[in-house]
Every structure is written in C-alpha cells, then in structure tokens.
Amino acid sequence: MAYLEWSKAYTARVRHSHVLSLAKRARELGDRLAEELDLGLLPFLRMGYVETLKRDMPALVDQARKYKHMLLLGIGGSALGARAMQKAFAPDQDLPGHGGEDGKELWIADNVCPVTLGNWFVELDPEQTVVVTISKSGGTIETISQYFLAKTWLKKSLGDAWKDHMIVITDQEKGFLREEARSHGLGSLEVPDNLGGRYSALSAVGLLPAAFLGIDWEGLLEGACAVARPLVDNPASIKDHPSFALACWAKALEEYGYHDLIFFCYEPLFATYGPWFAQLWAESLGKEGLGTQPVPATGVTDQHSVNQMFLDGLRNKACLFVTSKNRIGGPTFPHDLPAGWEFLAGKPFGALLEAEAMGTRMALTMHDVPLVHICLDDASERSGGRLMMLLEAATVFTGWLMGINPLDQPAVELGKRLANARLGKPGYPQEEASLKAALAEEEQRQDF
C-alpha cells in the first residue's frame, strides 16, 4: 500500500502535541464534510458525475482519436491536470521523433503566447487535429479568445466540417461555450456544478485528453475513488484519514512560521504534479493574509539548483517528499568502468535515483526541515489518482482549519477585471478609472 511516513514531520519548532490538538477538531470537520457533501459542494470528492462521464465520454474519445493531434485550449486548472497526466503516463508523447500510442500528440495552449499559437496554426494539419476548448464558465477570456482563433483556422481549411473537429468541456446549462455547442452541434462534455478548475483534473477536463493519449483514465478514477470513498461513506472517519492528518500538520506549519511548503517529487514521471499542486494549494489557501507558499521541486534536478536554499536558507520551509516503490530499474552500468567509478558496476541506473532521494530526504531533515514522506506504490494511473485525491482533500480540510473558503479565489478577479477594461469591454467603470490613473503616473525607468 501507499503510505505517509511521519517520523521527521515534527522537528525544530513543530510540536506533535499541537498537531494533536488540531486533530481534536475532527468531529467539527466531519459534520461540515457531511453537510457540504449533501449540498453538492464537493463534487470532486463525491464523484457522483462518474457514471455520466463513463456513459458520455467514450463516444467523444472515439471522435477525438480519429485525429493525430489534440489542441487543448485551457488555462490554470483546465490545463495543469492534463499536463500532469500527459507527462506521467504518456512521457514519450512530446519527445523528438515520437511514435507513441498510435502516434497521438497533445498540444496544450495554456498561456497567451502569440508566437506559440501562431506557430501551431502553421505546423498542425487541421484535417488531423481536434480542438478541445475547456472553460467551466464559458467566459474565460484567454481560452475564449483562443477558441475564436482556432475556429477561424479550422473553418478556413475545412469549411462547415470544422464542427467535427471541435469539442467543448463546459457548464451543462449556461455560458458562451454551451451556447456554441447548442448552435453548432458541437461534441461536448460537462463540468459538474461546483467543480472548480483546480479540483477538476479527475473529470472530463483532465480525462478526455488522457483518454486521447491512450492513458488508463478509468484507473485514475479508481485510484481516486479508493481514497475518497471512506470520507464519502462515513464523514466521521475523517479523524483517521491521511488527508486530515496532512491538513492538521499543514495548519500547524503555518502557525509556527513555516511559510514555504516544498513539493519535492522524486518520482520523475510525476514531476509535473508539482505545478498542478502549486495551483491547487495557492489558489485555495492564499486568502486573508494567510496560507503557505507551495514550491514545486523535482528530484534530482533541483538538488543542483534550489536545494541550497531549502537546506541553508531561511528556516521557514517544510516539505512533502514524494517517492514511489519499485523504481530501481533501467539500464545496468557495465562492469568495465574507469577507476574510481567501479562502485556503480552492475547496478541499475534507478539505484542512483533511490540513493539521491534518500540522501536529499536525510539532508533536509538533518537541517531541521519538517518533512512528510509520501510513498506511492508505483507510477501507475491508479497511484496518480490516489495522490491527486489525497492532496485535494487535504487542501480543503486545511482551508477549513484556517477558517477560510478553499473553493473560491476572489483576489485573482481584480486582474481579470482590469484586463477586460484595458481591452475595452464595457461594464468596468471603476477599473477604467484605475487604469487611467495608472497610465497617467510618471514612470521611473532605468535602462540596462
């Protein structure tokens, strides 16, 4: 079984007794969990949408897999989960000379980069491309602007057949993308009510791209369900659930001044889970002057970059340290190695990863970095689903312990409103005034 290892979690300022005092709130949080499950506020946990997904998605997977390329238009939670799954479970897909699973290629347009999107419209063959546009609200300006351009690109080459090359994933009833699906008969899947983007990886948002690449998407769901089921079936069992234990620890870290939470992943295939976790944690918990900063790090790469800061910088860092079992494999070192390197002879390359992971983990704890070791069974889809669900549940419970709402993101809306005003969208008089004042300020430049 996968497990959490806690022996180095309580070091320096962190006291186990304080974490245990937070754990006494289990009954309170269990009651809240039961209430919010009943209200439909935690669809990522209840996963009531799974039967509908299993019914509706296969037909769209068949439609998508007629083509070589999938161009995914989405940002934030609409892209990070798909990226994590792509890198973990189809790692050959974006390598030079890729053949891969039936030669399928996933292209994720997760930023406003005119050069990249423009190049893709030149390089990709529209006849061999399906475009998947993802926005729960149907109004995400970055994604909808890409949709307009992709639609024009497809229509220019394919005429009315563009509709066969477009799938949308959005709200079931409302929003611009839902209107487009109805007007043009586009293939579509729903983002369930109350399912925020950063909690949506294990819905159609992440699973349609995964299925396109030949990834075992049902295995991802099975792994996630195994972690969520005890909480859903018996909310009072939260007191014994590892996600609640992580939440109590994380809340204590904040109170003791550990403001950076390193997500150090020594399962190389899961390295892109780091950016996915960073959005999940930061957008959920960075509120009202509270929260801890997630810091994604990849082992062993970041041993040679930022680990010096982790070990010898400010004493404000804690760590979630991720490994998996059965990773000692790969090519074997030959026996005729040069002098001084004989110790590697006959060992598999994976032994280096295992040794580096142990060395870094020990070094962190010897420098008084509080650390919880997350050990996965393997790098399979089931393990990936288990890890995602563990972290999603822990994030929500940490927010509840902090006294904030982990499901909204009010602060980021200001930048969106100002951007809309800058582009001339009506209905933003206050933001227009702020922009006018900012543009009138004298700049203080220094050339370099």
# chains A, B, ... in the order shown; residues from 1 in each chain; ligands from 1

call {"tool": "residues_around", "arguments": {"residues": "Val131 (chain A)", "least_positions_apart": "5", "cutoff": "6 Å", "atoms": "only C-alpha atoms", "output": "list in words"}}
result
Met70, Leu71, Leu72 and Met166 of chain A

call {"tool": "write_last_selection", "arguments": {"atoms": "N, CA and C atoms", "output": "PDB file, in the first residue's frame"}}
result
ATOM      1  N   MET A  70      -4.448  16.571 -30.771  1.00  0.00           N
ATOM      2  CA  MET A  70      -5.454  17.264 -29.972  1.00  0.00           C
ATOM      3  C   MET A  70      -4.839  18.587 -29.517  1.00  0.00           C
ATOM      4  N   LEU A  71      -5.497  19.694 -29.882  1.00  0.00           N
ATOM      5  CA  LEU A  71      -5.085  21.020 -29.426  1.00  0.00           C
ATOM      6  C   LEU A  71      -6.020  21.413 -28.298  1.00  0.00           C
ATOM      7  N   LEU A  72      -5.483  21.438 -27.088  1.00  0.00           N
ATOM      8  CA  LEU A  72      -6.285  21.743 -25.903  1.00  0.00           C
ATOM      9  C   LEU A  72      -6.168  23.230 -25.599  1.00  0.00           C
ATOM     10  N   MET A 166     -14.197  20.040 -33.324  1.00  0.00           N
ATOM     11  CA  MET A 166     -14.269  20.876 -32.127  1.00  0.00           C
ATOM     12  C   MET A 166     -15.090  20.182 -31.048  1.00  0.00           C
TER      13      MET A 166
END

call {"tool": "residues_around", "arguments": {"residues": "Val19 (chain A)", "least_positions_apart": "2", "cutoff": "7 Å", "atoms": "only C-alpha atoms", "output": "MDAnalysis selection string"}}
result
chainID A and resid 15:17 21:23 248:249 252

call {"tool": "write_last_selection", "arguments": {"atoms": "C-alpha atoms", "output": "PDB file, in the first residue's frame"}}
result
ATOM      1  CA  ARG A  15       5.309  20.161  18.046  1.00  0.00           C
ATOM      2  CA  HIS A  16       3.382  16.920  17.699  1.00  0.00           C
ATOM      3  CA  SER A  17       1.251  17.918  20.679  1.00  0.00           C
ATOM      4  CA  SER A  21      -4.735  19.490  19.457  1.00  0.00           C
ATOM      5  CA  LEU A  22      -5.800  20.471  15.938  1.00  0.00           C
ATOM      6  CA  ALA A  23      -6.872  16.876  15.308  1.00  0.00           C
ATOM      7  CA  CYS A 248      -3.552  19.356  10.726  1.00  0.00           C
ATOM      8  CA  TRP A 249       0.182  19.290  10.048  1.00  0.00           C
ATOM      9  CA  ALA A 252       0.473  23.824  12.425  1.00  0.00           C
TER      10      ALA A 252
END

call {"tool": "atom_distance", "arguments": {"atom1": "CA of Val14 (chain A)", "atom2": "CA of Ala394 (chain A)"}}
result
18.6 Å

call {"tool": "residues_around", "arguments": {"residues": "Leu29 (chain A)", "least_positions_apart": "2", "cutoff": "8 Å", "atoms": "only C-alpha atoms", "output": "list in words"}}
result
Arg25, Ala26, Arg27, Asp31, Arg32, Leu33, Ile238, Phe397 and Trp400 of chain A

call {"tool": "write_last_selection", "arguments": {"atoms": "N, CA, C and O atoms", "output": "mmCIF file, in the first residue's frame"}}
result
data_model
loop_
_atom_site.group_PDB
_atom_site.id
_atom_site.type_symbol
_atom_site.label_atom_id
_atom_site.label_comp_id
_atom_site.auth_asym_id
_atom_site.auth_seq_id
_atom_site.Cartn_x
_atom_site.Cartn_y
_atom_site.Cartn_z
ATOM 1 N N ARG A 25 -10.377 18.680 16.333
ATOM 2 C CA ARG A 25 -11.473 19.305 15.578
ATOM 3 C C ARG A 25 -12.076 18.340 14.547
ATOM 4 O O ARG A 25 -12.879 18.746 13.714
ATOM 5 N N ALA A 26 -11.698 17.075 14.612
ATOM 6 C CA ALA A 26 -12.157 16.103 13.611
ATOM 7 C C ALA A 26 -13.681 16.005 13.584
ATOM 8 O O ALA A 26 -14.282 15.935 12.508
ATOM 9 N N ARG A 27 -14.308 16.007 14.749
ATOM 10 C CA ARG A 27 -15.774 15.882 14.762
ATOM 11 C C ARG A 27 -16.423 17.085 14.092
ATOM 12 O O ARG A 27 -17.371 16.938 13.302
ATOM 13 N N ASP A 31 -18.639 16.849 10.629
ATOM 14 C CA ASP A 31 -20.011 17.361 10.473
ATOM 15 C C ASP A 31 -20.103 18.284 9.262
ATOM 16 O O ASP A 31 -21.065 18.237 8.485
ATOM 17 N N ARG A 32 -19.091 19.133 9.102
ATOM 18 C CA ARG A 32 -19.095 20.043 7.949
ATOM 19 C C ARG A 32 -18.957 19.259 6.651
ATOM 20 O O ARG A 32 -19.605 19.582 5.642
ATOM 21 N N LEU A 33 -18.133 18.232 6.660
ATOM 22 C CA LEU A 33 -17.963 17.402 5.478
ATOM 23 C C LEU A 33 -19.286 16.769 5.078
ATOM 24 O O LEU A 33 -19.670 16.792 3.891
ATOM 25 N N ILE A 238 -13.134 10.931 9.039
ATOM 26 C CA ILE A 238 -12.102 11.933 8.741
ATOM 27 C C ILE A 238 -10.994 11.911 9.781
ATOM 28 O O ILE A 238 -9.830 12.176 9.474
ATOM 29 N N PHE A 397 -9.500 20.471 3.679
ATOM 30 C CA PHE A 397 -9.525 20.381 5.133
ATOM 31 C C PHE A 397 -8.581 21.414 5.770
ATOM 32 O O PHE A 397 -8.883 21.967 6.834
ATOM 33 N N TRP A 400 -10.468 24.649 5.841
ATOM 34 C CA TRP A 400 -11.462 24.678 6.916
ATOM 35 C C TRP A 400 -10.798 24.934 8.266
ATOM 36 O O TRP A 400 -11.328 25.707 9.082
#

call {"tool": "residues_around", "arguments": {"residues": "Gly384 (chain A)", "least_positions_apart": "3", "cutoff": "12 Å", "atoms": "only C-alpha atoms", "output": "mmCIF file with N, CA and C atoms, in the first residue's frame"}}
result
data_model
loop_
_atom_site.group_PDB
_atom_site.id
_atom_site.type_symbol
_atom_site.label_atom_id
_atom_site.label_comp_id
_atom_site.auth_asym_id
_atom_site.auth_seq_id
_atom_site.Cartn_x
_atom_site.Cartn_y
_atom_site.Cartn_z
ATOM 1 N N ALA A 2 0.347 2.304 -0.608
ATOM 2 C CA ALA A 2 0.969 3.614 -0.483
ATOM 3 C C ALA A 2 0.839 4.073 0.972
ATOM 4 N N GLY A 81 -3.900 19.757 -14.887
ATOM 5 C CA GLY A 81 -4.147 18.337 -14.648
ATOM 6 C C GLY A 81 -3.829 17.508 -15.880
ATOM 7 N N ALA A 84 -0.102 17.247 -16.247
ATOM 8 C CA ALA A 84 0.486 16.299 -15.299
ATOM 9 C C ALA A 84 0.288 14.860 -15.767
ATOM 10 N N MET A 85 -0.918 14.550 -16.253
ATOM 11 C CA MET A 85 -1.188 13.189 -16.719
ATOM 12 C C MET A 85 -0.401 12.868 -17.983
ATOM 13 N N GLN A 86 -0.312 13.835 -18.892
ATOM 14 C CA GLN A 86 0.459 13.641 -20.116
ATOM 15 C C GLN A 86 1.902 13.271 -19.792
ATOM 16 N N LYS A 87 2.528 14.036 -18.915
ATOM 17 C CA LYS A 87 3.935 13.813 -18.590
ATOM 18 C C LYS A 87 4.137 12.522 -17.800
ATOM 19 N N ALA A 88 3.151 12.184 -16.939
ATOM 20 C CA ALA A 88 3.299 10.996 -16.101
ATOM 21 C C ALA A 88 3.050 9.701 -16.853
ATOM 22 N N PHE A 89 2.011 9.689 -17.675
ATOM 23 C CA PHE A 89 1.543 8.421 -18.218
ATOM 24 C C PHE A 89 1.705 8.281 -19.731
ATOM 25 N N ALA A 201 -9.306 17.960 -12.348
ATOM 26 C CA ALA A 201 -8.448 17.099 -13.172
ATOM 27 C C ALA A 201 -9.052 15.724 -13.390
ATOM 28 N N LEU A 202 -9.761 15.204 -12.384
ATOM 29 C CA LEU A 202 -10.324 13.856 -12.468
ATOM 30 C C LEU A 202 -11.761 13.869 -12.965
ATOM 31 N N ILE A 215 -4.149 6.788 -22.200
ATOM 32 C CA ILE A 215 -3.912 6.629 -20.766
ATOM 33 C C ILE A 215 -5.120 5.923 -20.138
ATOM 34 N N ASP A 216 -4.874 5.117 -19.120
ATOM 35 C CA ASP A 216 -5.936 4.384 -18.416
ATOM 36 C C ASP A 216 -6.708 5.352 -17.513
ATOM 37 N N TRP A 217 -7.659 6.063 -18.102
ATOM 38 C CA TRP A 217 -8.398 7.078 -17.342
ATOM 39 C C TRP A 217 -9.304 6.451 -16.286
ATOM 40 N N GLU A 218 -9.788 5.260 -16.540
ATOM 41 C CA GLU A 218 -10.604 4.594 -15.522
ATOM 42 C C GLU A 218 -9.745 4.178 -14.331
ATOM 43 N N GLY A 219 -8.477 3.844 -14.566
ATOM 44 C CA GLY A 219 -7.559 3.568 -13.464
ATOM 45 C C GLY A 219 -7.333 4.791 -12.596
ATOM 46 N N LEU A 220 -7.226 5.968 -13.213
ATOM 47 C CA LEU A 220 -7.114 7.218 -12.450
ATOM 48 C C LEU A 220 -8.321 7.393 -11.537
ATOM 49 N N LEU A 221 -9.510 7.158 -12.087
ATOM 50 C CA LEU A 221 -10.732 7.293 -11.290
ATOM 51 C C LEU A 221 -10.778 6.269 -10.162
ATOM 52 N N GLU A 222 -10.372 5.051 -10.456
ATOM 53 C CA GLU A 222 -10.405 4.011 -9.423
ATOM 54 C C GLU A 222 -9.478 4.352 -8.267
ATOM 55 N N GLY A 223 -8.291 4.855 -8.588
ATOM 56 C CA GLY A 223 -7.372 5.254 -7.527
ATOM 57 C C GLY A 223 -7.929 6.379 -6.681
ATOM 58 N N ALA A 224 -8.512 7.367 -7.335
ATOM 59 C CA ALA A 224 -9.096 8.495 -6.603
ATOM 60 C C ALA A 224 -10.264 8.048 -5.736
ATOM 61 N N CYS A 225 -11.118 7.209 -6.294
ATOM 62 C CA CYS A 225 -12.280 6.728 -5.537
ATOM 63 C C CYS A 225 -11.856 5.967 -4.283
ATOM 64 N N ALA A 226 -10.776 5.216 -4.366
ATOM 65 C CA ALA A 226 -10.314 4.442 -3.215
ATOM 66 C C ALA A 226 -9.949 5.360 -2.048
ATOM 67 N N VAL A 227 -9.410 6.544 -2.348
ATOM 68 C CA VAL A 227 -9.058 7.494 -1.291
ATOM 69 C C VAL A 227 -10.285 8.251 -0.798
ATOM 70 N N GLU A 267 9.644 10.944 -7.864
ATOM 71 C CA GLU A 267 9.143 10.044 -8.887
ATOM 72 C C GLU A 267 9.181 10.868 -10.177
ATOM 73 N N LEU A 269 8.428 10.662 -13.255
ATOM 74 C CA LEU A 269 7.260 10.746 -14.123
ATOM 75 C C LEU A 269 6.169 11.641 -13.545
ATOM 76 N N PHE A 270 6.186 11.833 -12.241
ATOM 77 C CA PHE A 270 5.165 12.651 -11.598
ATOM 78 C C PHE A 270 5.628 14.086 -11.341
ATOM 79 N N ALA A 271 6.754 14.483 -11.933
ATOM 80 C CA ALA A 271 7.314 15.801 -11.637
ATOM 81 C C ALA A 271 6.327 16.931 -11.935
ATOM 82 N N THR A 272 5.513 16.782 -12.991
ATOM 83 C CA THR A 272 4.594 17.850 -13.368
ATOM 84 C C THR A 272 3.374 17.891 -12.452
ATOM 85 N N TYR A 273 3.262 16.948 -11.546
ATOM 86 C CA TYR A 273 2.264 17.088 -10.485
ATOM 87 C C TYR A 273 2.591 18.301 -9.602
ATOM 88 N N VAL A 322 7.879 13.169 -2.182
ATOM 89 C CA VAL A 322 7.148 12.117 -2.893
ATOM 90 C C VAL A 322 8.114 11.152 -3.569
ATOM 91 N N THR A 323 7.937 9.868 -3.274
ATOM 92 C CA THR A 323 8.678 8.815 -3.975
ATOM 93 C C THR A 323 7.691 7.708 -4.356
ATOM 94 N N SER A 324 8.184 6.722 -5.088
ATOM 95 C CA SER A 324 7.380 5.521 -5.329
ATOM 96 C C SER A 324 8.259 4.288 -5.166
ATOM 97 N N CYS A 375 4.921 7.936 0.050
ATOM 98 C CA CYS A 375 5.467 6.840 -0.742
ATOM 99 C C CYS A 375 4.338 6.157 -1.512
ATOM 100 N N LEU A 376 4.404 6.222 -2.825
ATOM 101 C CA LEU A 376 3.396 5.621 -3.690
ATOM 102 C C LEU A 376 3.767 4.183 -4.015
ATOM 103 N N ASP A 377 2.765 3.397 -4.388
ATOM 104 C CA ASP A 377 3.025 2.010 -4.776
ATOM 105 C C ASP A 377 3.893 1.926 -6.019
ATOM 106 N N ASP A 378 3.588 2.788 -6.997
ATOM 107 C CA ASP A 378 4.268 2.741 -8.287
ATOM 108 C C ASP A 378 3.921 4.025 -9.030
ATOM 109 N N ALA A 379 4.229 4.070 -10.306
ATOM 110 C CA ALA A 379 3.930 5.253 -11.112
ATOM 111 C C ALA A 379 2.746 4.997 -12.042
ATOM 112 N N SER A 380 1.806 4.174 -11.596
ATOM 113 C CA SER A 380 0.648 3.834 -12.420
ATOM 114 C C SER A 380 -0.422 4.905 -12.337
ATOM 115 N N GLU A 381 -1.416 4.776 -13.222
ATOM 116 C CA GLU A 381 -2.548 5.692 -13.193
ATOM 117 C C GLU A 381 -3.303 5.614 -11.872
ATOM 118 N N LEU A 387 -2.930 9.956 -5.445
ATOM 119 C CA LEU A 387 -2.193 11.136 -4.998
ATOM 120 C C LEU A 387 -3.001 12.403 -5.203
ATOM 121 N N MET A 388 -3.642 12.527 -6.345
ATOM 122 C CA MET A 388 -4.456 13.719 -6.602
ATOM 123 C C MET A 388 -5.571 13.865 -5.575
ATOM 124 N N MET A 389 -6.264 12.783 -5.291
ATOM 125 C CA MET A 389 -7.376 12.869 -4.348
ATOM 126 C C MET A 389 -6.887 13.160 -2.938
ATOM 127 N N LEU A 390 -5.794 12.545 -2.533
ATOM 128 C CA LEU A 390 -5.225 12.824 -1.213
ATOM 129 C C LEU A 390 -4.939 14.312 -1.060
ATOM 130 N N LEU A 391 -4.313 14.909 -2.061
ATOM 131 C CA LEU A 391 -3.919 16.315 -1.973
ATOM 132 C C LEU A 391 -5.120 17.243 -2.076
#

call {"tool": "closest_residue", "arguments": {"among": "A:Lys68, A:Ile328, A:Ala210, A:Leu423", "to": "Pro91 (chain A)", "atoms": "only C-alpha atoms"}}
result
A:Ala210

call {"tool": "atom_distance", "arguments": {"atom1": "CA of Leu195 (chain A)", "atom2": "CA of Asp240 (chain A)"}}
result
25.5 Å

call {"tool": "closest_residue", "arguments": {"among": "A:Asp233, A:Glu441, A:Glu255, A:Glu179", "to": "Leu401 (chain A)", "atoms": "only C-alpha atoms"}}
result
A:Glu255

call {"tool": "select_by_dssp", "arguments": {"residues": "region 267-422 of chain A", "states": "helix (DSSP H, G or I)", "output": "PyMOL selection string"}}
result
chain A and resi 268-270+273-285+301-304+307-312+342-344+350-366+381-402+412-422

call {"tool": "residues_around", "arguments": {"residues": "Gln308 (chain A)", "least_positions_apart": "6", "cutoff": "12 Å", "atoms": "only C-alpha atoms", "output": "PyMOL selection string"}}
result
chain A and resi 302+314+360+363-364+367

call {"tool": "write_last_selection", "arguments": {"atoms": "C-alpha atoms", "output": "tab-separated table (two decimals), in the first residue's frame"}}
result
chain	number	residue	atom	x	y	z
A	302	ASP	CA	16.56	20.61	-8.24
A	314	LEU	CA	15.51	30.92	5.87
A	360	THR	CA	18.23	14.51	-0.05
A	363	ALA	CA	19.80	16.13	4.37
A	364	LEU	CA	16.55	18.07	4.62
A	367	HIS	CA	18.72	20.69	8.52

call {"tool": "residues_around", "arguments": {"residues": "Gly139 (chain A)", "least_positions_apart": "3", "cutoff": "10 Å", "atoms": "only C-alpha atoms", "output": "list in words"}}
result
Ser135, Lys136, Glu142, Thr143, Ile144, Ser145, Thr170, Gly175, Phe176 and Leu177 of chain A

call {"tool": "closest_residue", "arguments": {"among": "A:Glu354, A:Asp312, A:Glu254, A:Asp193", "to": "Met366 (chain A)", "atoms": "only C-alpha atoms"}}
result
A:Asp312

call {"tool": "closest_residue", "arguments": {"among": "A:Leu371, A:Val396, A:Val191, A:Ala34", "to": "Leu253 (chain A)", "atoms": "only C-alpha atoms"}}
result
A:Leu371

call {"tool": "decode", "arguments": {"residues": "region 236-248 of chain A", "atoms": "C-alpha atoms", "output": "PDB file, in the first residue's frame"}}
result
ATOM      1  CA  ALA A 236     -16.855  10.850  10.751  1.00  0.00           C
ATOM      2  CA  SER A 237     -13.940   8.708   9.558  1.00  0.00           C
ATOM      3  CA  ILE A 238     -12.102  11.933   8.741  1.00  0.00           C
ATOM      4  CA  LYS A 239     -10.350  11.587  12.101  1.00  0.00           C
ATOM      5  CA  ASP A 240      -8.383   8.600  10.764  1.00  0.00           C
ATOM      6  CA  HIS A 241      -7.938   9.779   7.182  1.00  0.00           C
ATOM      7  CA  PRO A 242      -4.427  10.692   5.971  1.00  0.00           C
ATOM      8  CA  SER A 243      -5.734  13.814   4.226  1.00  0.00           C
ATOM      9  CA  PHE A 244      -6.940  15.200   7.568  1.00  0.00           C
ATOM     10  CA  ALA A 245      -3.625  14.324   9.198  1.00  0.00           C
ATOM     11  CA  LEU A 246      -1.854  16.296   6.461  1.00  0.00           C
ATOM     12  CA  ALA A 247      -4.249  19.201   6.990  1.00  0.00           C
ATOM     13  CA  CYS A 248      -3.552  19.356  10.726  1.00  0.00           C
TER      14      CYS A 248
END
